[in-house]
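Source file coords-v6.txt; content: compact mmCIF, C-alpha atoms.
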```txt
# COMPACT_ATOMS: atom_id res chain seq x y z
CA MET A 1 -73.48 -134.08 -124.98
CA LEU A 2 -74.24 -136.72 -127.63
CA ALA A 3 -71.89 -137.12 -130.56
CA LYS A 4 -72.96 -134.91 -133.46
CA LYS A 5 -73.84 -137.79 -135.75
CA GLU A 6 -76.27 -139.13 -133.14
CA LEU A 7 -78.20 -135.89 -132.62
CA ARG A 8 -81.93 -136.05 -133.18
CA GLU A 9 -84.49 -133.25 -133.20
CA GLU A 10 -85.53 -133.97 -129.63
CA ASP A 11 -81.88 -133.78 -128.56
CA ILE A 12 -81.46 -130.37 -130.15
CA ALA A 13 -84.72 -129.21 -128.56
CA THR A 14 -83.45 -130.29 -125.12
CA ILE A 15 -80.06 -128.61 -125.57
CA LEU A 16 -81.64 -125.32 -126.65
CA GLN A 17 -84.27 -125.47 -123.93
CA VAL A 18 -81.65 -125.90 -121.19
CA ALA A 19 -79.68 -122.95 -122.54
CA ALA A 20 -82.85 -120.88 -122.94
CA ASP A 21 -83.85 -121.38 -119.32
CA ASP A 22 -81.04 -119.01 -118.34
CA GLU A 23 -82.41 -116.47 -120.88
CA THR A 24 -78.86 -115.60 -121.93
CA PRO A 25 -78.74 -115.58 -125.75
CA GLU A 26 -74.92 -115.50 -125.75
CA VAL A 27 -74.76 -119.20 -124.82
CA ILE A 28 -77.02 -120.15 -127.72
CA LEU A 29 -75.49 -117.74 -130.23
CA GLN A 30 -71.82 -118.21 -129.40
CA SER A 31 -71.59 -121.81 -128.21
CA ILE A 32 -74.45 -123.97 -129.43
CA ILE A 33 -75.37 -122.61 -132.86
CA PRO A 34 -71.80 -122.57 -134.29
CA LYS A 35 -71.43 -126.25 -133.43
CA LEU A 36 -74.79 -127.24 -134.87
CA GLN A 37 -74.30 -125.11 -138.00
CA SER A 38 -71.54 -127.47 -139.04
CA LEU A 39 -74.21 -130.11 -139.64
CA PRO A 40 -76.19 -128.96 -142.73
CA LYS A 41 -78.57 -131.92 -142.51
CA LEU A 42 -79.76 -130.59 -139.15
CA ARG A 43 -80.19 -127.00 -140.28
CA ARG A 44 -83.97 -127.16 -140.68
CA VAL A 45 -84.29 -128.85 -137.30
CA LEU A 46 -82.19 -126.11 -135.73
CA ILE A 47 -84.31 -123.40 -137.39
CA ARG A 48 -87.56 -124.92 -136.12
CA GLN A 49 -86.27 -125.31 -132.59
CA LEU A 50 -84.83 -121.78 -132.44
CA VAL A 51 -88.23 -120.42 -133.49
CA VAL A 52 -89.86 -122.49 -130.72
CA VAL A 53 -87.38 -121.08 -128.18
CA GLY A 54 -88.10 -117.53 -129.33
CA ARG A 55 -91.84 -118.03 -128.99
CA GLU A 56 -91.59 -119.61 -125.58
CA LYS A 57 -89.01 -117.09 -124.30
CA PRO A 58 -90.02 -113.64 -125.60
CA SER A 59 -86.82 -112.11 -124.21
CA LEU A 60 -84.82 -114.29 -126.60
CA GLU A 61 -86.97 -113.81 -129.70
CA GLU A 62 -85.32 -110.60 -130.89
CA PRO A 63 -81.70 -111.71 -130.28
CA LEU A 64 -82.37 -114.94 -132.20
CA ARG A 65 -84.30 -113.36 -135.09
CA SER A 66 -81.36 -112.42 -137.30
CA THR A 67 -79.68 -115.78 -136.69
CA VAL A 68 -82.82 -117.66 -137.73
CA SER A 69 -83.11 -115.51 -140.88
CA GLU A 70 -79.50 -116.21 -141.76
CA LEU A 71 -80.02 -119.95 -141.28
CA VAL A 72 -83.12 -119.88 -143.49
CA ARG A 73 -81.15 -118.12 -146.23
CA GLN A 74 -78.34 -120.65 -145.90
CA GLU A 75 -80.88 -123.42 -146.35
CA ILE A 76 -82.29 -121.72 -149.47
CA ASP A 77 -78.80 -121.26 -150.94
CA SER A 78 -78.01 -124.93 -150.36
CA LEU A 79 -81.04 -126.18 -152.30
CA GLU A 80 -80.52 -127.99 -155.59
CA SER A 81 -81.89 -125.78 -158.35
CA THR A 82 -82.69 -128.38 -161.00
CA GLN A 83 -85.33 -130.64 -159.47
CA TRP A 84 -88.43 -128.70 -158.54
CA ASP A 85 -92.09 -129.53 -158.52
CA PRO A 86 -95.02 -127.39 -157.32
CA SER A 87 -95.57 -129.36 -154.11
CA LYS A 88 -91.90 -129.08 -153.12
CA ILE A 89 -91.91 -125.32 -153.71
CA ILE A 90 -95.08 -124.83 -151.67
CA HIS A 91 -93.59 -126.96 -148.89
CA LEU A 92 -90.54 -124.67 -148.81
CA LEU A 93 -92.71 -121.54 -148.90
CA ASP A 94 -94.54 -122.95 -145.88
CA PHE A 95 -91.20 -123.63 -144.21
CA CYS A 96 -90.21 -119.96 -144.58
CA ALA A 97 -93.59 -118.68 -143.40
CA ASP A 98 -93.96 -121.13 -140.50
CA ASN A 99 -90.53 -120.20 -139.18
CA SER A 100 -91.14 -116.45 -139.00
CA ASN A 101 -89.29 -115.73 -142.25
CA ILE A 102 -91.98 -115.24 -144.86
CA ASP A 103 -89.89 -112.42 -146.37
CA CYS A 104 -87.36 -115.06 -147.44
CA CYS A 105 -89.91 -116.43 -149.91
CA GLY A 106 -88.67 -114.00 -152.55
CA ALA A 107 -85.14 -115.39 -152.21
CA LEU A 108 -86.57 -118.90 -152.41
CA LEU A 109 -88.40 -118.16 -155.68
CA ALA A 110 -85.27 -116.54 -157.09
CA ARG A 111 -83.39 -119.74 -156.27
CA VAL A 112 -86.11 -121.79 -157.96
CA MET A 113 -85.92 -119.69 -161.14
CA GLU A 114 -82.15 -120.09 -161.33
CA GLY A 115 -82.89 -123.57 -162.62
CA ALA A 116 -85.05 -122.32 -165.51
CA SER A 117 -83.47 -122.89 -168.92
CA PRO A 118 -84.52 -124.07 -172.38
CA ALA A 119 -83.76 -127.61 -171.23
CA HIS A 120 -85.51 -127.23 -167.87
CA SER A 121 -88.49 -124.92 -168.12
CA TYR A 122 -91.48 -124.39 -165.87
CA ALA A 123 -93.74 -124.29 -168.94
CA THR A 124 -95.15 -127.70 -168.09
CA LEU A 125 -98.72 -128.82 -167.60
CA GLU A 126 -97.94 -129.63 -163.97
CA PHE A 127 -96.71 -126.11 -163.22
CA ILE A 128 -99.29 -124.14 -165.19
CA ASN A 129 -102.12 -126.13 -163.57
CA SER A 130 -100.58 -125.33 -160.17
CA VAL A 131 -100.69 -121.54 -160.58
CA PRO A 132 -104.01 -121.31 -158.63
CA ARG A 133 -102.35 -123.27 -155.78
CA PHE A 134 -99.64 -120.63 -155.49
CA SER A 135 -102.27 -117.88 -155.64
CA SER A 136 -104.20 -119.61 -152.84
CA TRP A 137 -101.01 -119.81 -150.79
CA LEU A 138 -100.60 -116.04 -151.15
CA ALA A 139 -104.19 -115.43 -150.10
CA GLN A 140 -103.82 -117.68 -147.05
CA HIS A 141 -100.87 -115.55 -145.93
CA GLY A 142 -102.55 -112.22 -146.65
CA LYS A 143 -100.40 -111.42 -149.67
CA GLN A 144 -101.24 -110.11 -153.14
CA PRO A 145 -99.93 -111.76 -156.35
CA THR A 146 -97.63 -108.77 -156.77
CA TRP A 147 -95.79 -109.61 -153.52
CA GLY A 148 -92.21 -110.79 -153.32
CA GLY A 149 -90.86 -112.74 -156.27
CA PHE A 150 -94.25 -114.03 -157.40
CA PRO A 151 -94.68 -111.76 -160.47
CA SER A 152 -91.45 -113.09 -161.98
CA PHE A 153 -92.35 -116.64 -160.93
CA PHE A 154 -95.81 -116.51 -162.52
CA THR A 155 -94.31 -115.00 -165.67
CA ALA A 156 -91.66 -117.74 -165.84
CA ILE A 157 -94.48 -120.30 -165.96
CA ILE A 158 -97.08 -118.61 -168.18
CA HIS A 159 -94.85 -116.71 -170.63
CA PRO A 160 -93.04 -119.77 -172.12
CA TRP A 161 -96.24 -121.84 -172.07
CA ILE A 162 -97.92 -119.29 -174.32
CA GLN A 163 -94.85 -118.97 -176.54
CA ARG A 164 -94.53 -122.72 -177.05
CA ARG A 165 -98.13 -123.89 -177.06
CA LEU A 166 -100.05 -120.95 -178.52
CA GLY A 167 -97.62 -118.82 -180.50
CA ALA A 168 -98.13 -115.15 -181.20
CA SER A 169 -101.67 -115.51 -182.54
CA ARG A 170 -104.53 -117.95 -183.05
CA PRO A 171 -103.88 -120.29 -186.01
CA ALA A 172 -106.42 -120.89 -188.74
CA ASP A 173 -109.21 -123.33 -187.97
CA PRO A 174 -107.90 -126.81 -188.92
CA THR A 175 -111.38 -128.17 -189.68
CA PRO A 176 -111.21 -127.55 -193.47
CA GLN A 177 -108.04 -129.64 -193.61
CA LEU A 178 -110.07 -132.60 -192.35
CA LEU A 179 -112.65 -132.50 -195.20
CA PRO A 180 -110.76 -135.01 -197.40
CA LEU A 181 -111.23 -137.60 -194.66
CA GLN A 182 -114.91 -137.76 -195.59
CA GLN A 183 -113.88 -139.47 -198.83
CA TRP A 184 -111.61 -141.96 -197.05
CA ARG A 185 -113.75 -145.08 -197.14
CA CYS A 186 -111.26 -147.81 -196.30
CA ASP A 187 -111.85 -149.40 -192.90
CA CYS A 188 -108.74 -151.56 -192.72
CA ARG A 189 -106.82 -151.48 -189.46
CA GLN A 190 -104.01 -149.26 -190.77
CA CYS A 191 -106.28 -146.66 -192.36
CA THR A 192 -108.50 -146.55 -189.27
CA GLU A 193 -105.45 -146.02 -187.08
CA ILE A 194 -104.20 -143.16 -189.27
CA ARG A 195 -107.60 -141.44 -189.23
CA THR A 196 -107.69 -141.77 -185.44
CA LEU A 197 -104.27 -140.13 -185.22
CA ILE A 198 -105.36 -137.25 -187.45
CA THR A 199 -108.61 -136.57 -185.58
CA THR A 200 -107.24 -136.88 -182.04
CA PRO A 201 -105.74 -133.50 -181.03
CA ASP A 202 -103.59 -134.84 -178.19
CA ARG A 203 -101.89 -137.47 -180.37
CA GLU A 204 -98.92 -136.28 -182.40
CA LYS A 205 -97.27 -139.45 -183.65
CA SER A 206 -97.79 -143.15 -184.19
CA SER A 207 -95.99 -146.25 -185.42
CA ILE A 208 -98.18 -148.43 -187.62
CA TYR A 209 -97.39 -151.98 -188.64
CA SER A 210 -97.96 -152.29 -192.36
CA SER A 211 -98.40 -156.08 -192.27
CA GLY A 212 -97.01 -156.40 -195.78
CA ASN A 213 -99.56 -153.90 -197.09
CA SER A 214 -97.12 -151.02 -197.43
CA GLN A 215 -98.22 -149.95 -200.93
CA HIS A 216 -101.83 -149.46 -199.85
CA LEU A 217 -100.68 -147.59 -196.74
CA GLN A 218 -98.47 -145.29 -198.82
CA GLU A 219 -101.29 -144.56 -201.26
CA SER A 220 -103.71 -143.72 -198.44
CA LEU A 221 -101.23 -141.38 -196.79
CA VAL A 222 -100.47 -139.54 -200.03
CA THR A 223 -104.13 -139.24 -201.02
CA PHE A 224 -105.69 -138.23 -197.71
CA ALA A 225 -102.97 -137.12 -195.28
CA SER A 226 -100.56 -134.98 -197.28
CA GLY A 227 -99.98 -131.72 -195.44
CA LEU A 228 -101.30 -133.23 -192.21
CA LEU A 229 -98.72 -135.93 -191.57
CA SER A 230 -95.16 -136.78 -192.44
CA TRP A 231 -93.87 -140.34 -192.54
CA ASP A 232 -90.91 -142.53 -193.24
CA PRO A 233 -90.96 -144.53 -196.45
CA PRO A 234 -93.04 -147.64 -195.70
CA THR A 235 -91.18 -150.88 -195.11
CA SER A 236 -92.59 -154.34 -194.89
CA TYR A 237 -92.93 -153.92 -191.12
CA VAL A 238 -93.65 -150.46 -189.70
CA VAL A 239 -94.30 -146.85 -190.68
CA HIS A 240 -93.40 -144.01 -188.31
CA ILE A 241 -95.90 -141.16 -188.70
CA VAL A 242 -95.75 -137.65 -187.19
CA LYS A 243 -98.29 -134.84 -187.36
CA ASP A 244 -97.30 -131.65 -189.09
CA PRO A 245 -96.36 -129.25 -186.22
CA SER A 246 -98.56 -126.41 -187.46
CA PHE A 247 -101.54 -128.74 -187.84
CA ALA A 248 -100.97 -130.21 -184.37
CA ARG A 249 -100.69 -126.73 -182.83
CA ALA A 250 -103.93 -125.64 -184.52
CA GLN A 251 -105.75 -128.71 -183.21
CA GLN A 252 -104.44 -128.24 -179.67
CA TRP A 253 -104.78 -124.47 -179.59
CA PRO A 254 -108.29 -124.24 -178.04
CA LYS A 255 -107.35 -126.62 -175.22
CA ASN A 256 -104.05 -124.85 -174.55
CA GLN A 257 -105.78 -121.48 -174.63
CA ALA A 258 -108.21 -122.69 -171.97
CA ILE A 259 -105.31 -123.94 -169.82
CA ALA A 260 -103.53 -120.58 -170.05
CA LEU A 261 -106.71 -118.62 -169.30
CA SER A 262 -107.43 -120.79 -166.27
CA ALA A 263 -103.91 -120.21 -164.94
CA ILE A 264 -104.09 -116.44 -165.40
CA ARG A 265 -107.55 -116.24 -163.84
CA GLY A 266 -106.12 -118.34 -161.01
CA ILE A 267 -103.86 -115.41 -160.24
CA SER A 268 -106.67 -112.87 -160.45
CA THR A 269 -109.61 -111.82 -162.59
CA ASP A 270 -108.91 -108.18 -161.73
CA GLU A 271 -107.06 -106.72 -164.72
CA SER A 272 -105.40 -104.02 -162.63
CA VAL A 273 -103.74 -106.77 -160.56
CA LEU A 274 -102.67 -108.66 -163.69
CA LEU A 275 -101.18 -105.48 -165.15
CA ASP A 276 -99.07 -105.16 -162.00
CA VAL A 277 -98.04 -108.84 -162.14
CA PHE A 278 -97.03 -109.01 -165.80
CA GLY A 279 -96.37 -105.38 -166.68
CA GLU A 280 -98.44 -103.55 -169.28
CA THR A 281 -96.47 -104.56 -172.38
CA ASN A 282 -96.29 -108.22 -171.45
CA TYR A 283 -99.93 -108.39 -170.36
CA ARG A 284 -101.16 -106.89 -173.62
CA ALA A 285 -99.03 -109.38 -175.55
CA ILE A 286 -100.49 -112.24 -173.49
CA LEU A 287 -104.05 -111.14 -174.28
CA SER A 288 -103.15 -110.78 -177.94
CA ALA A 289 -101.66 -114.30 -178.06
CA LEU A 290 -104.76 -115.64 -176.31
CA ASP A 291 -106.98 -113.84 -178.84
CA GLU A 292 -108.94 -112.25 -176.00
CA PRO A 293 -109.75 -108.53 -175.62
CA ASN A 294 -109.59 -108.94 -171.85
CA ILE A 295 -109.13 -111.76 -169.39
CA ASN A 296 -112.86 -111.94 -168.57
CA HIS A 297 -114.14 -111.80 -172.15
CA SER A 298 -115.18 -115.46 -172.38
CA LEU A 299 -116.49 -115.70 -168.82
CA PRO A 300 -120.26 -115.69 -168.17
CA HIS A 301 -121.43 -112.18 -167.27
CA GLN A 302 -121.38 -111.55 -163.53
CA PRO A 303 -122.05 -108.42 -161.47
CA SER A 304 -118.90 -106.44 -160.70
CA VAL A 305 -117.40 -106.99 -157.27
CA SER A 306 -114.68 -105.23 -155.34
CA SER A 307 -111.12 -106.28 -156.18
CA SER A 308 -109.53 -104.87 -153.05
CA SER A 309 -110.09 -107.86 -150.78
CA VAL A 310 -107.52 -110.59 -150.27
CA GLY A 311 -108.43 -114.27 -150.21
CA ASN A 312 -111.49 -114.33 -152.46
CA GLU A 313 -112.40 -117.76 -153.76
CA GLY A 314 -110.64 -118.57 -157.03
CA GLY A 315 -107.65 -116.28 -156.46
CA VAL A 316 -106.58 -113.01 -154.96
CA GLY A 317 -108.87 -110.25 -156.14
CA SER A 318 -112.03 -110.85 -158.13
CA ALA A 319 -113.50 -109.43 -161.32
CA ALA A 320 -114.07 -105.70 -161.36
CA ASN A 321 -115.24 -103.83 -164.46
CA PRO A 322 -113.23 -105.75 -167.05
CA SER A 323 -112.11 -103.96 -170.18
CA SER A 324 -114.19 -104.42 -173.27
CA GLY A 325 -111.83 -102.94 -175.86
CA ASN A 326 -109.55 -104.81 -178.23
CA VAL A 327 -105.91 -104.97 -177.21
CA PRO A 328 -103.23 -103.93 -179.74
CA ARG A 329 -100.95 -106.81 -180.76
CA ALA A 330 -97.56 -106.85 -179.06
CA GLU A 331 -94.60 -109.17 -178.72
CA LEU A 332 -94.09 -111.18 -175.54
CA SER A 333 -91.11 -109.84 -173.63
CA SER A 334 -88.61 -111.85 -171.63
CA PRO A 335 -89.90 -113.42 -168.37
CA THR A 336 -87.11 -111.63 -166.51
CA GLN A 337 -87.89 -108.21 -167.97
CA PRO A 338 -89.16 -105.89 -165.21
CA PRO A 339 -92.83 -104.94 -165.57
CA THR A 340 -93.52 -101.63 -167.22
CA LYS A 341 -95.43 -98.98 -165.35
CA ARG A 342 -99.01 -100.08 -164.82
CA ARG A 343 -101.81 -98.51 -166.77
CA ARG A 344 -105.30 -99.92 -166.83
CA VAL A 345 -106.39 -101.53 -170.12
CA GLU A 346 -109.51 -99.37 -170.13
CA ASP A 347 -107.38 -96.23 -170.48
CA SER A 348 -105.84 -97.28 -173.80
```

Starting from the coordinates I provided, produce the structure as structure tokens.
Amino acid sequence: MLAKKELREEDIATILQVAADDETPEVILQSIIPKLQSLPKLRRVLIRQLVVVGREKPSLEEPLRSTVSELVRQEIDSLESTQWDPSKIIHLLDFCADNSNIDCCGALLARVMEGASPAHSYATLEFINSVPRFSSWLAQHGKQPTWGGFPSFFTAIIHPWIQRRLGASRPADPTPQLLPLQQWRCDCRQCTEIRTLITTPDREKSSIYSSGNSQHLQESLVTFASGLLSWDPPTSYVVHIVKDPSFARAQQWPKNQAIALSAIRGISTDESVLLDVFGETNYRAILSALDEPNINHSLPHQPSVSSSSVGNEGGVGSAANPSSGNVPRAELSSPTQPPTKRRRVEDS
């Protein structure tokens, strides 16, 4: 046999195939696997090849099943829990499913969420925009969004996004705060740059070179931008300017609301499914924070369709008789809090 450090996937495949030809699982289980298990870098290779052996030799499939499951769990436990991205998670979900261990996906998602913390949250644009990808993965494998660890996973993404980006309720329209800008006539470079900062929702700060004109810059800021911006005392070189957080949130609120709605609808547009995913208390709080009576309120009217099918375009489950009543305001609960017993929004 080759030295362990020289083993390649084709070598492992050959070793297992020779042992499998005798159709005696004891050789594989008691002699080969213990030796190969001591090489963690080859664990995924070993898993794939054991699954191949089981498929090609039906008499060995059952004896090898528990060993493969144990190896998959060992691989999950060995994963680093601080560097995740949506593509990596989906790749690992595929790894579990492709190797006859789709039920290990729940353990995988639990491992992923171990890395969630205030310093490392999944409330990022990358993750919230990827929610429909995870929903599509479920549909492709014949699973509902309520399956496995996905309810907690979806909540860990959407819950903190809403808390951080939207808050508990819609802020006041910031448009009236912009009315003084109509009287701001100066078109110098600094004043133009400040106005651009104020009127661009996605910009929150800027550093402006005063070019020796610090007094004029200070006067313009005090006259037209008080309450909208904060700034360091001007020097002869540069002024650091930051938007007021409440003003920035109000400007960005419509865009962030649309992002959150798109993510939730990516899970499902069937409110009974969403109640099961988030739990009644949390789901009502989400709708309240989004300032929506129901998840389909701002969608164009469409005929009702059955929500019982899996794999519909745009998510698992499609719109079915959405609620039209207002939802009482509630506080968002912890992402790890178990969902409360489901009750349809229409019944409230």

Can you tell me, as a short mmCIF file (atom, residue, chain, number, x, y, z; two decimals) with C-alpha atoms, in the frame of the given file, which residues sit within 12 Å of (-83.9, -115.7, -156.4) in the file's frame, using all atoms listed in the file?
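Resulting contents of point26.cif:
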```
data_model
loop_
_atom_site.label_atom_id
_atom_site.label_comp_id
_atom_site.auth_asym_id
_atom_site.auth_seq_id
_atom_site.Cartn_x
_atom_site.Cartn_y
_atom_site.Cartn_z
CA ARG A 73 -81.15 -118.12 -146.23
CA ILE A 76 -82.29 -121.72 -149.47
CA ASP A 77 -78.80 -121.26 -150.94
CA LEU A 79 -81.04 -126.18 -152.30
CA SER A 81 -81.89 -125.78 -158.35
CA CYS A 104 -87.36 -115.06 -147.44
CA CYS A 105 -89.91 -116.43 -149.91
CA GLY A 106 -88.67 -114.00 -152.55
CA ALA A 107 -85.14 -115.39 -152.21
CA LEU A 108 -86.57 -118.90 -152.41
CA LEU A 109 -88.40 -118.16 -155.68
CA ALA A 110 -85.27 -116.54 -157.09
CA ARG A 111 -83.39 -119.74 -156.27
CA VAL A 112 -86.11 -121.79 -157.96
CA MET A 113 -85.92 -119.69 -161.14
CA GLU A 114 -82.15 -120.09 -161.33
CA GLY A 115 -82.89 -123.57 -162.62
CA ALA A 116 -85.05 -122.32 -165.51
CA GLY A 148 -92.21 -110.79 -153.32
CA GLY A 149 -90.86 -112.74 -156.27
CA PHE A 150 -94.25 -114.03 -157.40
CA SER A 152 -91.45 -113.09 -161.98
CA PHE A 153 -92.35 -116.64 -160.93
CA THR A 336 -87.11 -111.63 -166.51
#
```

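One distance worth recording is that between CA of His240 (chain A) and CA of Ser207 (chain A), which is 4.5 Å.
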
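Between CA of Arg203 (chain A) and CA of Phe127 (chain A) there is a distance of 21.2 Å.
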
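All residues of protein, DNA or RNA that reach within 7 Å of region 177-193 of chain A, judged by all atoms listed in the file and not counting those fewer than 6 positions away in the chain, are Ile208, Ser210 and Phe224 of chain A.
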
Out of A:Gln215, A:Ser246, A:Gln251, A:Thr155, which residue has the shortest atom-to-atom distance to Ile198 (chain A) when counting all atoms listed in the file? A:Gln251
